[in-house]
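*Asks:* Pasting a structure here, questions to come.
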Amino acid sequence: MPPVLQTVTVAPQQGGPSYLREHSLRSWLLTTDHKRVGLLYLFTIILFFAIAAVAAAIMRLNLLTPRGDLVQADTYNKLFTLHGVLMVWFFLIPSIPNVLGNFLLPLMLGARDLAFPKLNLLSWYIFILGGAIALYALLVGGVDTGWTFYTPYSSTYSNAHVALMAAGVFISGFSSILTGLNFIVTTHKLRAPGMTWFRLRLFVWSMYATSLILVLATPVLAMTLTLMALERIWHVGVFDPALGGDPLLFQHLFWFYSHPAVYIMILPGMGVVSELICAFSKKRVFGYTFVAFASLAIALLGFLVWGHHMFVSSQSVFAGMIFSFLSFLVAVPSAIKVFNWTATLYRGSISLDTPMLYAIGFIGLFTAGGMTGLFLATLGVDVHVHDTYFVIAHFHYIMVGGMVMALMGGLHFWWPKISGRMYPEFLGKMTAIVTFLGFNLTFFPQFILGYLGMPRRYHAYPEQFQVYNVLSTAGASILGIGYLLPLCYFIWSCRYGKRVGDNPWGVKGFEWETSSPPPTENFAEPPIQTEEVYNYPPPSSEPVI
Amino acid sequence: MARHQRPNTEGGEEFEDEINPVNNHQAILHQQFSDLEQQREASAAGIWVFLGSEVMFFGALILAFGVYRFNYAHAFVEGAGELNVVLGSVNTAILFSSGLTMSLAAATNKMGSRLWTLIFLLATVGLGVLFLAIKGVEYHEDWSKGLFPGEAFRWTGSDSPHVQLFFLLYFIMTGLHAVHLLVGIGLMLVVLWLAWRGWIHDQHFMPLEVAGVYWHFVDLIWIFLFVLLYLLGGKI
Ligand code: HEM
Ligand SMILES: [Cu+2]
């Protein structure tokens, strides 16, 4: 089937002027328009991604040789801490929720804005403040604890700027909470007439589940970091055993937040992929209710598995067994999603445009990441691979192979809506393929490295591991190109891209019924949902293959 | 006046305004909402979700307290014995009363009595400030007894590190509560000002309701802290 792209003509702007009309800096910094706030977040997270990526590049270069000739051990520690902290809290957690979520949630619900637009802008400023403090901590010397801030090293022994960095993370947490609150209230109260819960887009469901985690888990992190920082400043024992505290309590509290947080870093991606799969197979998702409830189930079960990070931390064997079992359970809703996406493809009229390539890449890489999660959740296996590169590969398959792929796919898919223009399709497809290959070359060798016993967080390693490390570094440079190219051609397309109509992909959904780019008030007429969601005509009876 | 026909004015006659209410100020409908009802529901939902977040915030702290209370029961009881249960109880009563005045402010506002609303709001603020003052006296007492953790901590009894842990948690928990109360007082002052200007009235009450829900939450947290911290030692 030829892409619908060529056939559309540019529709006249519906409603008021486009949300991009005003150009002054003031109009951006004081905006309460959810679409603009989404873009503010986009610019900000690109900055943090770039800094964290440079740190990663230096680490990968250093690991080219077994002796680690490039940087000293101490510098290496600071690099991976910087990389982890920025990537997790200042890039990945706000990535899809705050960029695409901000932009799309009100559009998909048929609302004029989020329920609390000023709070939304405030959340961005809070985020900037937290980010500035984290960068300041980096400039004055960095932190060497790892993104996990384990005590008592962080609270007693480290000579780095731990409290400052913790303050940055603490503050940015409030931007997460405010965003989550805004999304929950908006989903409950601002749905257009006819938009019942079971007509919500799957992206909205996943945002809703994510928001629940943001609101309920983030405060626990805030409190944990506060206690850690107080112990450091006050020199009284909360977590340091030498001072009468309990280091395991820190780990419990930290992972009570951070395991749910890893679902903050995948659920939004799942939401995007559900949209992409439906849009590019022109079919209603297979088992809509299952996919929707799987998001909630993941959010809920995600709160009950934190102990799988502590199998070797002298947690009781009995607790280990329970956490192992619960971790297996949490894989069930994830698997449901994967099966349902695949079933949706069956007999769909599939078109392999750039976003779809990213979506398909997501499914494969997420499956690999999730399956290895099950290896790790198996008590005995984890004793072998805990704190090795196997764990690194596991979570990068999900966070980078999954979430970042979904972010890229989503950006390509909604780019015409965001900017009113098309990105170069051929280049886009090539980039998607390059990213996929580069990613696998970077991280697959790390599974092997970990299995062979190379521990994580070391700046040097025994010689027999060199081959895999060189492969991984080579892959990383390809991956880097895969991220640079879209940056260039998205900027290019803002000026030179082909203008598009309201619905360049020919798909269903409120956001495609308004202009591209939409007017400030989103819709000329408040929309009404009159049919089921993803109401595509049934696939033709003759098999497509 | 139309207000007299509203069903919920039952018993409202005695609260009839002595001051002329400035009820002509209409609630502003923000552009993202289609009607005032929707806007009100959104504010109410917002504050409740926020409180969910707050519960987890204090929850982490209470969990930490629970774990150590269980592990170092003896030291914690010793430490709690040093707290001033009398002042703590007085404060509990004060905060309870402020919850009552808060509810009365909301109720009288719905009845349309601006004077009583102002009086009850003022009383709420006053009780909040009184609580903080008494808490300050207590902190001073603790400090001079050498109970403040860190350099200044003096403990002659046994298991000093874990007694100090008790006091650390005590200061963090009550301190955090005090910060919340301070925010609550700030909110109340804003609401008071709005009511004074006639910008809050029986048709436009959401700011008052939202601030009220927050206030009750801060009260509620104190109940937990009082039971956990003060009633542990059992000495009066
Ligand atoms: C299918 C469900 C999953 C299971 C059963 C699972 C299991 C595990 C286990 C057992 C570990 C601990 C390994 C160790 O330290 O020895 C782990 C680590 C990790 N997982 Fe997963 N995982 C799953 C999904 C995810 C997802 C969706 C993400 C992120 C989006 C993620 C991110 C991480 C991270 C960041 C770590 C390492 C944390 C660190 O120590 O720095 N996992 N996973
Ligand atoms: Cu986990």
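Residues in the structure tokens are numbered from 1 in each chain, the chains being A, B, ... in the order shown, and ligands are numbered from 1 in the order shown.
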Write out, as a Markdown table, each residue of chain A that has an atom at most 7 Å from ligand 1, together with the closest pair of atoms and their distance in Å to one decimal, counting only C-alpha atoms and all ligand atoms, rows going by chain and rising number.

*Replies:*
| residue | atom | partner | partner_atom_place_in_ligand_line | distance |
| --- | --- | --- | --- | --- |
| A:Thr148 | CA | ligand 1 | 41 (O) | 6.4 |
| A:Val262 | CA | ligand 1 | 29 (C) | 4.0 |
| A:Tyr263 | CA | ligand 1 | 27 (C) | 5.3 |
| A:Met265 | CA | ligand 1 | 30 (C) | 4.6 |
| A:Ile266 | CA | ligand 1 | 30 (C) | 4.6 |
| A:His308 | CA | ligand 1 | 10 (C) | 4.6 |
| A:His309 | CA | ligand 1 | 12 (C) | 4.3 |
| A:Ser327 | CA | ligand 1 | 5 (C) | 4.7 |
| A:Phe328 | CA | ligand 1 | 5 (C) | 5.7 |
| A:Val330 | CA | ligand 1 | 2 (C) | 5.9 |
| A:Ala331 | CA | ligand 1 | 1 (C) | 4.3 |
| A:Ser334 | CA | ligand 1 | 1 (C) | 6.5 |
| A:Gly370 | CA | ligand 1 | 1 (C) | 4.0 |
| A:Met371 | CA | ligand 1 | 1 (C) | 6.3 |
| A:Gly373 | CA | ligand 1 | 6 (C) | 3.6 |
| A:Leu374 | CA | ligand 1 | 5 (C) | 4.4 |
| A:Leu376 | CA | ligand 1 | 10 (C) | 4.0 |
| A:Ala377 | CA | ligand 1 | 10 (C) | 3.7 |
| A:Asp382 | CA | ligand 1 | 16 (O) | 5.3 |
| A:Val385 | CA | ligand 1 | 16 (O) | 6.1 |
| A:His386 | CA | ligand 1 | 16 (O) | 3.3 |
| A:Asp387 | CA | ligand 1 | 16 (O) | 5.4 |
| A:Val391 | CA | ligand 1 | 13 (C) | 5.4 |
| A:Ile392 | CA | ligand 1 | 37 (C) | 6.7 |
| A:His394 | CA | ligand 1 | 20 (N) | 6.5 |
| A:Phe395 | CA | ligand 1 | 32 (C) | 4.2 |
| A:Ile398 | CA | ligand 1 | 30 (C) | 5.1 |
| A:Met399 | CA | ligand 1 | 30 (C) | 4.5 |

*Asks:* So that each row is one residue of chain A with an atom at most 10 Å from chain B, can you give its shortest atom pair and the distance in Å to one decimal, using only C-alpha atoms, rows by chain and rising number, as a Markdown table?

*Replies:*
| residue | atom | partner | partner_atom | distance |
| --- | --- | --- | --- | --- |
| A:Pro106 | CA | B:Gln32 | CA | 9.6 |
| A:Ala111 | CA | B:Gln32 | CA | 7.0 |
| A:Arg112 | CA | B:Gln32 | CA | 5.0 |
| A:Asp113 | CA | B:Gln32 | CA | 5.2 |
| A:Leu114 | CA | B:Gln32 | CA | 7.0 |
| A:Ala115 | CA | B:Gln32 | CA | 6.6 |
| A:Phe116 | CA | B:Gln32 | CA | 8.4 |
| A:Pro117 | CA | B:Gln32 | CA | 8.4 |
| A:Ile177 | CA | B:Ser53 | CA | 7.6 |
| A:Leu178 | CA | B:Phe50 | CA | 8.3 |
| A:Gly180 | CA | B:Val49 | CA | 9.1 |
| A:Leu181 | CA | B:Val49 | CA | 6.2 |
| A:Asn182 | CA | B:Gly46 | CA | 7.4 |
| A:Phe183 | CA | B:Gly46 | CA | 9.9 |
| A:Ile184 | CA | B:Val49 | CA | 8.0 |
| A:Val185 | CA | B:Gly46 | CA | 6.0 |
| A:Thr186 | CA | B:Ala42 | CA | 7.6 |
| A:His188 | CA | B:Ala42 | CA | 8.3 |
| A:Lys189 | CA | B:Ala42 | CA | 6.1 |
| A:Leu190 | CA | B:Phe33 | CA | 7.3 |
| A:Ala192 | CA | B:Ser34 | CA | 9.9 |
| A:Leu212 | CA | B:Val49 | CA | 9.1 |
| A:Ile213 | CA | B:Ser53 | CA | 9.8 |
| A:Leu214 | CA | B:Ser53 | CA | 8.8 |
| A:Val215 | CA | B:Ser53 | CA | 5.3 |
| A:Leu216 | CA | B:Ser53 | CA | 5.2 |
| A:Ala217 | CA | B:Met56 | CA | 7.2 |
| A:Thr218 | CA | B:Ser53 | CA | 8.0 |
| A:Pro219 | CA | B:Phe57 | CA | 4.6 |
| A:Val220 | CA | B:Phe57 | CA | 5.4 |
| A:Leu221 | CA | B:Phe57 | CA | 8.4 |
| A:Ala222 | CA | B:Phe57 | CA | 7.4 |
| A:Met223 | CA | B:Phe57 | CA | 6.2 |
| A:Thr224 | CA | B:Ala60 | CA | 7.5 |
| A:Thr226 | CA | B:Ile172 | CA | 9.8 |
| A:Leu227 | CA | B:Leu61 | CA | 8.8 |
| A:Leu230 | CA | B:Leu168 | CA | 9.4 |
| A:Glu231 | CA | B:Leu168 | CA | 9.5 |
| A:Ile233 | CA | B:Gly150 | CA | 9.5 |
| A:Trp234 | CA | B:Gly150 | CA | 5.8 |
| A:His235 | CA | B:Gly150 | CA | 6.4 |
| A:Val236 | CA | B:Gly150 | CA | 6.0 |
| A:Gly237 | CA | B:Leu165 | CA | 6.5 |
| A:Val238 | CA | B:Leu165 | CA | 6.7 |
| A:Ala242 | CA | B:Pro161 | CA | 9.4 |
| A:Leu243 | CA | B:Pro161 | CA | 6.4 |
| A:Gly244 | CA | B:Pro161 | CA | 5.6 |
| A:Gly245 | CA | B:Leu165 | CA | 7.8 |
| A:Asp246 | CA | B:Tyr68 | CA | 8.7 |
| A:Leu249 | CA | B:Ala64 | CA | 7.4 |
| A:Phe250 | CA | B:Ala64 | CA | 9.2 |
| A:Leu253 | CA | B:Ala60 | CA | 7.3 |
| A:Phe256 | CA | B:Ala60 | CA | 9.7 |
| A:Glu521 | CA | B:Gln32 | CA | 8.5 |
| A:Pro526 | CA | B:Ser34 | CA | 9.6 |

*Asks:* Output as a ChimeraX atom specification all residues of range 224-311 of chain A that backbone DSSP marks as helix (DSSP H, G or I).

*Replies:* /A:224-234,241-243,247-264,267-281,288-304,306-309

*Asks:* Residues within 8 Å of ligand 2 should be enumerated using only C-alpha atoms and all ligand atoms and returned as a list of chain:residue names.

*Replies:*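 The distance check yields A:Trp255, A:Ser258, A:His259, A:Pro260, A:Val262, A:Gly302, A:Val305, A:Trp306, A:Gly307, A:His308, A:His309.
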
*Asks:* When you count only C-alpha atoms, which of these residues is closest to Arg60 in chain A: A:Gly501, A:Pro486, A:Gly450, A:Gly480?

*Replies:* A:Gly480

*Asks:* Need the shell around Val467 in chain A: protein/DNA/RNA residues with any atom at most 9 Å away, counting only C-alpha atoms. Skip same-chain ones fewer than 4 positions apart. Format as an NGL selection string?

*Replies:* :A and (64 or 445 or 463 or 471-472)

*Asks:* Work out how far apart CA of Phe127 in chain A and CA of Phe170 in chain A are and give it in Å to one decimal.

*Replies:*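 Atom-to-atom, CA of Phe127 in chain A to CA of Phe170 in chain A, that is 10.0 Å.
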
*Asks:* Between CA of Glu532 in chain A and CA of Pro504 in chain A, measure the distance and give it in Å to one decimal.

*Replies:*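 Spanning CA of Glu532 in chain A to CA of Pro504 in chain A is a straight-line distance of 21.3 Å.
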
*Asks:* Fewer than 6 positions away in the same chain doesn't count, so skip those; otherwise give me all residues within 12 Å of Asn77 in chain A, counting only C-alpha atoms, as number ranges by chain.

*Replies:* A: 55-56, 58-59, 71, 83-84, 141-147, 158, 160, 456-460

*Asks:* Would you pick out the contacts of Leu100 in chain B at 12 Å or less, using only C-alpha atoms, so that residues sharing its chain but fewer than 2 positions from it are not included, and give the list as a list in words?

*Replies:* Ala93, Ile94, Leu95, Phe96, Ser97, Ser98, Met102, Ser103, Leu104, Ala105, Ala106, Ala107, Phe120, Leu121, Ala123, Thr124, Leu127, Gly212, Trp215, His216 and Asp219 of chain B

*Asks:* Residues at most 12 Å from Leu47 in chain A, counting only C-alpha atoms, excluding those fewer than 4 positions away in the same chain, as a list in words?

*Replies:* Leu40, Tyr41, Leu42, Phe43, Ile51, Ala52, Ala53, Val54, Leu86, Met87, Phe90, Phe91, Ser95, Ile128, Gly131, Ala132, Leu135 and Leu487 of chain A

*Asks:* What does the file look like for those residues with C-alpha atoms, as a CSV table (one decimal), in the first residue's frame?

*Replies:*
chain,number,residue,atom,x,y,z
A,40,LEU,CA,10.7,23.2,26.5
A,41,TYR,CA,11.2,19.8,28.1
A,42,LEU,CA,12.4,18.4,24.8
A,43,PHE,CA,15.1,21.0,24.5
A,51,ILE,CA,26.2,15.6,28.4
A,52,ALA,CA,25.5,12.1,29.7
A,53,ALA,CA,26.3,10.7,26.2
A,54,VAL,CA,29.7,12.4,26.2
A,86,LEU,CA,21.7,12.4,34.2
A,87,MET,CA,20.3,9.6,32.0
A,90,PHE,CA,17.2,14.2,33.8
A,91,PHE,CA,16.7,12.4,30.5
A,95,SER,CA,11.6,11.9,28.3
A,128,ILE,CA,15.6,23.3,35.5
A,131,GLY,CA,19.2,20.1,36.7
A,132,ALA,CA,21.3,23.2,37.3
A,135,LEU,CA,25.4,20.3,36.7
A,487,LEU,CA,18.8,15.9,15.6

*Asks:* What does the distance from CA of Ser175 in chain A to CA of Ile126 in chain A come to in Å, to one decimal?

*Replies:*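 Spanning CA of Ser175 in chain A to CA of Ile126 in chain A is a straight-line distance of 5.7 Å.
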